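Below is one structure, written out as structure tokens; the observations come after it.
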Amino acid sequence: MTNQTMNDNGDKPIISINGLWKIFGKKPERALEEPYRSQSRTQVQQELDLVVALRNVSFQVSRGETFVVMGLSGSGKSTLVRCLISLIESTSGEIMVDGEDVTAFNDKELREFRRTKMAMVFQNFGLLPHKNVLDNAAYGLEVKGLNKKERYAIAQEMLDKVGLTGWENANQTELSGGMQQRVGLARALAMDPSILLMDEPFSGLDPLIRRQMREELSVLQQEIQKTIIFITHDLDEAISVGDRIAIMRDGEIIQLGTPKEIITEPVDDFVREFTQGIPMTKVMEIGDIAREPDVVCFESESRDTLRARMDQAECDYAIGLTHGTNFLGVISRKLLEDSSNGETNGLGELLDPSITPVLPNTVLEQVLPLFSEGEIPLPVVDESNNFLGVATQKDLLKVVASGF
């Protein structure tokens, strides 16, 4: 057994793929030898009549991560996910899951692995037409041998999680495509797997329902914290659901990174073309554009002093802080000018508490409505309310205009 390396958090990854190959055809091991090992898929097919579906694929997935594998048709993404669960036998390489090599399992170990470690959500829903919603959600538990009371209780809990409360007795013909996919997801979750494999689960749905489903999946994932391998050919979908994305071409991973890294740092023209049309506001975070404010003030400061400093800086707002670094609020020039006399009074009563700061990892798209409400900048703070900087409408427009 190969020792798994640590991830960035110092933990062992739940999945570690090492040098994985899948070659279709007679005597596939021939393609693993030089010079064929280094040749293109087309050359190998022409010379050996073999199809290299996966070529030396390696990556790791952390526990609780949503890892997206994407690529065009024929890129190898579906072959990869089927190798993970041994629906297709790999030609060479390791598939380590929780420290065990799946490729070395015998039939009994493989059945137990599929029953306890991984569950698959299919593109075509895979519901049993003669069973109602509750029985479909409980089907895996029935196969596992749980009695009716136990499996119904678990299935009902999962149906509640995916928003199907009240539909327990409905049959398949009464459900929309999105509802059918929710049943499939509930059935997978009912098995309480460590890992969910989702092979283009939303591709058969209408665009609006598809968008709703991926939003619901992102919300659900915050609660269930499962490890998810998500297969798609849609980059917009990948960015919406994924913590990291692996882009595949001709059986190889050509770039692996966060959505922001994929969009802002494409490794070649193929990825660059793939990512065209995705707004930077979908991946850039408010922390990426935050900067120091022109004027910072403290509660003990006089209004005359603050007014003079704002005049000198030619700005219309000041950020109020404690004498440490905690954010208190924003003072606008208008509020300062409209305030009553008593110039020696403190500034605490002028701080506008209605301006809510945002965390630095907030995606720009989520804060666009806040920018449209006025000229006052958005304060950026960490989870302890320590002030980090501000972002303005002008900062946002620079991102949009430059394409950065």
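In the structure tokens, the first chain shown is A, the next is B, and so on; residue numbers restart at 1 for each chain, and ligands run from 1 in the order shown.
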
Might you pull out every residue within 7 Å of range 228-244 of chain A, with only C-alpha atoms counted and same-chain residues fewer than 5 positions away left off, and present them as a VMD selection string?
chain A and resid 65 to 72 77 195 to 200 214 218 257 to 259

Residues of the last selection are to be written out with N, CA and C atoms, as a short mmCIF file (atom, residue, chain, number, x, y, z; two decimals), in the first residue's frame.
data_model
loop_
_atom_site.label_atom_id
_atom_site.label_comp_id
_atom_site.auth_asym_id
_atom_site.auth_seq_id
_atom_site.Cartn_x
_atom_site.Cartn_y
_atom_site.Cartn_z
N GLU A 65 -14.69 18.06 0.36
CA GLU A 65 -14.48 18.92 -0.80
C GLU A 65 -15.43 18.54 -1.93
N THR A 66 -15.89 19.55 -2.70
CA THR A 66 -16.59 19.30 -3.95
C THR A 66 -15.57 19.48 -5.07
N PHE A 67 -15.18 18.35 -5.67
CA PHE A 67 -14.14 18.31 -6.68
C PHE A 67 -14.81 18.07 -8.03
N VAL A 68 -14.66 19.02 -8.94
CA VAL A 68 -15.33 18.95 -10.24
C VAL A 68 -14.35 18.47 -11.30
N VAL A 69 -14.78 17.49 -12.08
CA VAL A 69 -14.02 17.04 -13.25
C VAL A 69 -14.81 17.44 -14.48
N MET A 70 -14.20 18.25 -15.34
CA MET A 70 -14.95 18.72 -16.50
C MET A 70 -14.12 18.60 -17.77
N GLY A 71 -14.83 18.55 -18.86
CA GLY A 71 -14.19 18.46 -20.16
C GLY A 71 -15.24 18.21 -21.22
N LEU A 72 -14.83 18.27 -22.47
CA LEU A 72 -15.74 18.01 -23.57
C LEU A 72 -16.03 16.52 -23.68
N LYS A 77 -13.71 12.10 -18.67
CA LYS A 77 -14.25 12.40 -17.35
C LYS A 77 -15.20 11.31 -16.83
N ILE A 195 -18.56 9.41 0.18
CA ILE A 195 -18.30 10.07 -1.09
C ILE A 195 -19.51 9.96 -2.00
N LEU A 196 -19.89 11.07 -2.62
CA LEU A 196 -20.94 11.08 -3.63
C LEU A 196 -20.30 11.26 -5.00
N LEU A 197 -20.63 10.39 -5.93
CA LEU A 197 -20.20 10.53 -7.32
C LEU A 197 -21.39 11.02 -8.12
N MET A 198 -21.24 12.17 -8.77
CA MET A 198 -22.35 12.76 -9.53
C MET A 198 -21.91 12.96 -10.97
N ASP A 199 -22.42 12.10 -11.86
CA ASP A 199 -22.00 12.11 -13.27
C ASP A 199 -23.01 12.90 -14.09
N GLU A 200 -22.69 14.17 -14.35
CA GLU A 200 -23.55 15.09 -15.09
C GLU A 200 -25.00 14.98 -14.62
N ARG A 214 -28.30 23.25 -8.94
CA ARG A 214 -26.92 23.42 -8.49
C ARG A 214 -26.83 24.40 -7.33
N SER A 218 -25.34 23.37 -3.60
CA SER A 218 -24.33 24.14 -2.86
C SER A 218 -24.79 24.42 -1.44
N GLY A 257 -7.24 23.46 -10.40
CA GLY A 257 -7.13 24.61 -9.52
C GLY A 257 -8.50 25.06 -9.04
N THR A 258 -8.52 26.13 -8.27
CA THR A 258 -9.77 26.72 -7.83
C THR A 258 -10.46 27.37 -9.02
N PRO A 259 -11.76 27.65 -8.92
CA PRO A 259 -12.43 28.36 -10.01
C PRO A 259 -11.72 29.67 -10.38
#

Enumerate the residues of range 137-344 of chain A with a DSSP assignment of strand (DSSP E or B), computed from the backbone, and present them as a VMD selection string.
chain A and resid 195 to 199 227 to 232 244 to 249 252 to 257 285 291 296 to 298 317 to 321 326 to 332

Just the selected residues (N, CA and C atoms), exported as a compact mmCIF listing (two decimals), in the first residue's frame, please.
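Below is the file selection.txt, written as the result:
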# COMPACT_ATOMS: atom_id res chain seq x y z
N ILE A 195 -18.56 9.41 0.18
CA ILE A 195 -18.30 10.07 -1.09
C ILE A 195 -19.51 9.96 -2.00
N LEU A 196 -19.89 11.07 -2.62
CA LEU A 196 -20.94 11.08 -3.63
C LEU A 196 -20.30 11.26 -5.00
N LEU A 197 -20.63 10.39 -5.93
CA LEU A 197 -20.20 10.53 -7.32
C LEU A 197 -21.39 11.02 -8.12
N MET A 198 -21.24 12.17 -8.77
CA MET A 198 -22.35 12.76 -9.53
C MET A 198 -21.91 12.96 -10.97
N ASP A 199 -22.42 12.10 -11.86
CA ASP A 199 -22.00 12.11 -13.27
C ASP A 199 -23.01 12.90 -14.09
N THR A 227 -17.93 14.44 0.70
CA THR A 227 -16.95 14.57 -0.37
C THR A 227 -17.67 14.26 -1.68
N ILE A 228 -17.62 15.20 -2.62
CA ILE A 228 -18.37 15.06 -3.87
C ILE A 228 -17.42 15.11 -5.06
N ILE A 229 -17.53 14.12 -5.92
CA ILE A 229 -16.87 14.17 -7.23
C ILE A 229 -17.97 14.47 -8.24
N PHE A 230 -17.88 15.63 -8.87
CA PHE A 230 -18.96 16.12 -9.73
C PHE A 230 -18.45 16.21 -11.16
N ILE A 231 -19.10 15.49 -12.08
CA ILE A 231 -18.69 15.46 -13.48
C ILE A 231 -19.60 16.38 -14.29
N THR A 232 -19.01 17.22 -15.13
CA THR A 232 -19.81 18.11 -15.96
C THR A 232 -19.01 18.55 -17.19
N ARG A 244 -12.66 22.93 -6.23
CA ARG A 244 -11.57 22.89 -7.22
C ARG A 244 -12.10 22.22 -8.48
N ILE A 245 -11.43 22.52 -9.59
CA ILE A 245 -11.84 22.01 -10.89
C ILE A 245 -10.64 21.38 -11.58
N ALA A 246 -10.85 20.18 -12.12
CA ALA A 246 -9.85 19.53 -12.98
C ALA A 246 -10.39 19.53 -14.40
N ILE A 247 -9.69 20.18 -15.31
CA ILE A 247 -10.10 20.21 -16.71
C ILE A 247 -9.37 19.11 -17.47
N MET A 248 -10.13 18.26 -18.17
CA MET A 248 -9.56 17.13 -18.88
C MET A 248 -9.63 17.34 -20.40
N ARG A 249 -8.62 16.79 -21.07
CA ARG A 249 -8.58 16.77 -22.53
C ARG A 249 -7.82 15.53 -22.96
N GLU A 252 -6.29 13.34 -20.22
CA GLU A 252 -5.33 13.93 -19.27
C GLU A 252 -5.94 15.12 -18.55
N ILE A 253 -5.48 15.36 -17.33
CA ILE A 253 -5.82 16.59 -16.63
C ILE A 253 -4.83 17.65 -17.07
N ILE A 254 -5.32 18.69 -17.74
CA ILE A 254 -4.42 19.72 -18.25
C ILE A 254 -4.35 20.93 -17.32
N GLN A 255 -5.34 21.09 -16.44
CA GLN A 255 -5.23 22.13 -15.41
C GLN A 255 -6.10 21.75 -14.23
N LEU A 256 -5.58 21.98 -13.04
CA LEU A 256 -6.30 21.71 -11.80
C LEU A 256 -6.12 22.91 -10.88
N GLY A 257 -7.24 23.46 -10.40
CA GLY A 257 -7.13 24.61 -9.52
C GLY A 257 -8.50 25.06 -9.04
N GLU A 285 -13.04 37.62 -5.59
CA GLU A 285 -13.57 37.87 -4.26
C GLU A 285 -13.36 39.32 -3.87
N ARG A 291 -8.81 47.67 -0.61
CA ARG A 291 -7.63 48.51 -0.44
C ARG A 291 -7.78 49.34 0.83
N VAL A 296 -9.09 57.07 7.99
CA VAL A 296 -9.54 56.25 9.12
C VAL A 296 -9.68 57.16 10.32
N CYS A 297 -10.74 56.98 11.10
CA CYS A 297 -10.93 57.83 12.28
C CYS A 297 -11.26 56.97 13.50
N PHE A 298 -11.19 57.63 14.68
CA PHE A 298 -11.46 56.95 15.94
C PHE A 298 -12.49 57.74 16.72
N TYR A 317 -15.86 60.12 2.76
CA TYR A 317 -16.21 59.18 3.81
C TYR A 317 -14.97 58.90 4.65
N ALA A 318 -15.21 58.39 5.86
CA ALA A 318 -14.13 57.92 6.73
C ALA A 318 -14.57 56.62 7.38
N ILE A 319 -13.60 55.76 7.64
CA ILE A 319 -13.88 54.48 8.28
C ILE A 319 -13.58 54.60 9.77
N GLY A 320 -14.59 54.31 10.59
CA GLY A 320 -14.42 54.38 12.03
C GLY A 320 -13.92 53.06 12.60
N LEU A 321 -12.86 53.14 13.40
CA LEU A 321 -12.28 51.96 14.02
C LEU A 321 -12.12 52.17 15.51
N ASN A 326 -10.73 46.89 15.15
CA ASN A 326 -12.11 46.49 14.91
C ASN A 326 -12.90 47.57 14.19
N PHE A 327 -13.74 47.14 13.27
CA PHE A 327 -14.57 48.05 12.48
C PHE A 327 -15.76 48.53 13.31
N LEU A 328 -16.01 49.85 13.30
CA LEU A 328 -17.14 50.43 14.00
C LEU A 328 -18.25 50.87 13.05
N GLY A 329 -17.88 51.49 11.95
CA GLY A 329 -18.88 52.01 11.01
C GLY A 329 -18.26 52.99 10.05
N VAL A 330 -19.13 53.62 9.24
CA VAL A 330 -18.69 54.58 8.23
C VAL A 330 -19.30 55.94 8.54
N ILE A 331 -18.51 57.00 8.38
CA ILE A 331 -19.01 58.37 8.50
C ILE A 331 -18.94 59.01 7.13
N SER A 332 -20.06 59.46 6.61
CA SER A 332 -20.07 60.15 5.33
C SER A 332 -19.88 61.65 5.56

Judged by only C-alpha atoms, the minimum distance to Gln45 in chain A among A:Leu370, A:Ile23, A:Val390, A:Ala186 is found for A:Ile23

Run DSSP on the backbone of this structure and report the residues of range 36-198 of chain A it assigns to alpha helix (DSSP H), as an MDAnalysis selection string.
chainID A and resid 41:48 77:84 107:116 133:137 139:144 148:161 177:190

Gap from CA of Arg151 in chain A to CA of Val183 in chain A - Å, one decimal
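Those two atoms sit 14.6 Å apart.
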
Residue with smallest distance to Ser339 in chain A - pool A:Glu365, A:Glu150, A:Asp311, A:Asp304, counting only C-alpha atoms:
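Once distances to Ser339 in chain A are computed over only C-alpha atoms, the minimum belongs to A:Asp304.
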
Which distance in Å separates CA of Lys260 in chain A and CA of Val283 in chain A, to one decimal?
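CA of Val283 in chain A lies 4.9 Å from CA of Lys260 in chain A.
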
My list of candidates is A:Ser176, A:Thr305, A:Thr281, A:Thr325. Which is closest to Val363 in chain A when distances are computed with only C-alpha atoms?
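Residue with the minimum atom-to-atom distance to Val363 in chain A: A:Thr281.
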
Per-residue nearest contacts range 262-310 of chain A to range 379-385 of chain A, cut-off 9 Å, using only C-alpha atoms, as a Markdown table:
| residue | atom | partner | partner_atom | distance |
| --- | --- | --- | --- | --- |
| A:Ile286 | CA | A:Val380 | CA | 7.6 |
| A:Gly287 | CA | A:Val380 | CA | 7.2 |
| A:Ala290 | CA | A:Val380 | CA | 7.0 |

Written selection (N, CA and C atoms) as a short mmCIF file (atom, residue, chain, number, x, y, z; two decimals), in the first residue's frame:
data_model
loop_
_atom_site.label_atom_id
_atom_site.label_comp_id
_atom_site.auth_asym_id
_atom_site.auth_seq_id
_atom_site.Cartn_x
_atom_site.Cartn_y
_atom_site.Cartn_z
N ILE A 286 -14.17 39.79 -2.94
CA ILE A 286 -14.08 41.18 -2.52
C ILE A 286 -12.71 41.49 -1.93
N GLY A 287 -12.09 40.48 -1.32
CA GLY A 287 -10.76 40.67 -0.77
C GLY A 287 -9.71 40.93 -1.84
N ALA A 290 -10.02 44.79 -2.36
CA ALA A 290 -10.04 45.66 -1.18
C ALA A 290 -8.72 46.44 -1.07
#

Distance CA of Leu54 in chain A-CA of Ser78 in chain A, one decimal place?
10.2 Å

For range 392-403 of chain A: contacts at 7 Å, only C-alpha atoms, fewer than 2 positions along chain excluded, given as a VMD selection string:
chain A and resid 280 289 371 377 to 378 390

In terms of the shortest atom-to-atom distance over only C-alpha atoms, which of A:Glu109, A:Ala119, A:Asp135, A:Phe202 is closest to Glu215 in chain A?
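When distances to Glu215 in chain A are compared using only C-alpha atoms, the smallest one comes from A:Phe202.
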
If you count only C-alpha atoms, the residue of A:Trp21, A:Asp160, A:Gly99, A:Tyr139 closest to Cys83 in chain A turns out to be A:Trp21

Counting only C-alpha atoms, what is within 10 Å of Asp49 in chain A, bar same-chain residues fewer than 4 positions away, as JSON, numbers by chain?
{"A": [24, 25, 26, 28, 31, 42, 43, 44, 45]}

So that I have them on file, write out the residues from the current selection with N, CA and C atoms, as a short mmCIF file (atom, residue, chain, number, x, y, z; two decimals), in the first residue's frame.
data_model
loop_
_atom_site.label_atom_id
_atom_site.label_comp_id
_atom_site.auth_asym_id
_atom_site.auth_seq_id
_atom_site.Cartn_x
_atom_site.Cartn_y
_atom_site.Cartn_z
N PHE A 24 -8.45 1.01 -23.68
CA PHE A 24 -9.38 0.04 -24.24
C PHE A 24 -8.76 -0.64 -25.45
N GLY A 25 -8.96 -1.95 -25.54
CA GLY A 25 -8.46 -2.70 -26.67
C GLY A 25 -7.71 -3.95 -26.22
N LYS A 26 -7.20 -4.73 -27.18
CA LYS A 26 -6.47 -5.95 -26.88
C LYS A 26 -5.04 -5.64 -26.44
N PRO A 28 -3.79 -4.01 -23.72
CA PRO A 28 -3.65 -2.57 -23.48
C PRO A 28 -2.31 -2.16 -22.88
N ALA A 31 0.48 0.02 -24.62
CA ALA A 31 0.49 1.48 -24.68
C ALA A 31 1.23 2.10 -23.49
N THR A 42 -4.10 9.89 -30.60
CA THR A 42 -4.31 9.58 -32.01
C THR A 42 -3.22 8.64 -32.54
N GLN A 43 -1.96 8.92 -32.17
CA GLN A 43 -0.85 8.08 -32.63
C GLN A 43 -0.99 6.65 -32.10
N VAL A 44 -1.34 6.52 -30.81
CA VAL A 44 -1.50 5.19 -30.22
C VAL A 44 -2.63 4.43 -30.91
N GLN A 45 -3.72 5.12 -31.19
CA GLN A 45 -4.85 4.46 -31.83
C GLN A 45 -4.49 4.00 -33.25
#
